[in-house]
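S.K.: One structure coming up, written as structure tokens, with questions to follow.
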Amino acid sequence: MKKPVIIILLLLFLYITPVYAEEVSSKNTISGGVSIIWAGYPFYILPGMNVEYERLLINNFTLAVDIGLDGLILSYADLKARWYPWNGMFFTDIGLGIWRQGFDTWILTPVISPGFGWKIDIGKPNGWNLTTGIIGRIFFFEERQIDINNSSVIQDFIIDITAKAFFKIGYSF
């Protein structure tokens, strides 16, 4: 019984609330939201949350700072260059940032994070908006192992790739 009621309320909300593509580029956007991270082998899923500030530089280009927690424990910070190719709601971006490696250590690991998504205005343009998309992350790790038999240190350079889906609610001004 709960599913039909939730679906009807969602459809009613979408019918009453007009949704627009961002017709006029806003100078600033502050948003916060949740994410789901697909990572590792064996395959596992982690929840996350983040806060983002986006600033318009020129017509279709913005610069964003994204700070958050992956797995609600591991912190990260990304600086992103974002491009809106049709001056509308679709965007593609590339981020460069740092991520805290390990649960009990503070080793910072560099991360490259390409992605794409959609920014949809709710109500009037340059007000409340929904942002959703997918980010790929490329991590660069240096792993050190001590070989007890030879009394030597073995260093491995590891590249790890994860995917992250996000959903944010923000305000543009």
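Ordering of the structure tokens sets the chain letters (A, B, ...); residue numbers start at 1 within each chain; ligands are numbered from 1 in the order shown.
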Quick one: residues within 6 Å of segment 165-169 of chain A, only C-alpha atoms counted, chain neighbours fewer than 2 positions away excluded, as a list in words?
M.R.: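 Near neighbours after the sequence-gap exclusion: Ser31, Gly32, Gly33, Val34, Ser35, Ile36, Asn129, Leu130, Thr131, Thr132, Gly133 and Ile134 of chain A.
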S.K.: I'd like the contact shell of Asn60 of chain A - 8 Å cut-off, only C-alpha atoms, skipping same-chain residues fewer than 5 positions apart - returned as a PyMOL selection string.
M.R.: chain A and resi 83-87
S.K.: Which residue out of A:Ala163, A:Ser75, A:Ala81, A:Met89 has the minimum interatomic distance to Ile122 of chain A when only C-alpha atoms are used?
M.R.: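 Of A:Ala163, A:Ser75, A:Ala81, A:Met89, the one nearest Ile122 of chain A is A:Met89, counting only C-alpha atoms.
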S.K.: Which of these, A:Gly136, A:Gly117, A:Gly68, A:Gly127, has the shortest distance to Thr162 of chain A once you count only C-alpha atoms?
M.R.: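 Residue with the minimum atom-to-atom distance to Thr162 of chain A: A:Gly136.
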S.K.: Interatomic distance between atom CA of Leu46 of chain A and atom CA of Leu63 of chain A?
M.R.: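 The value is 26.6 Å.
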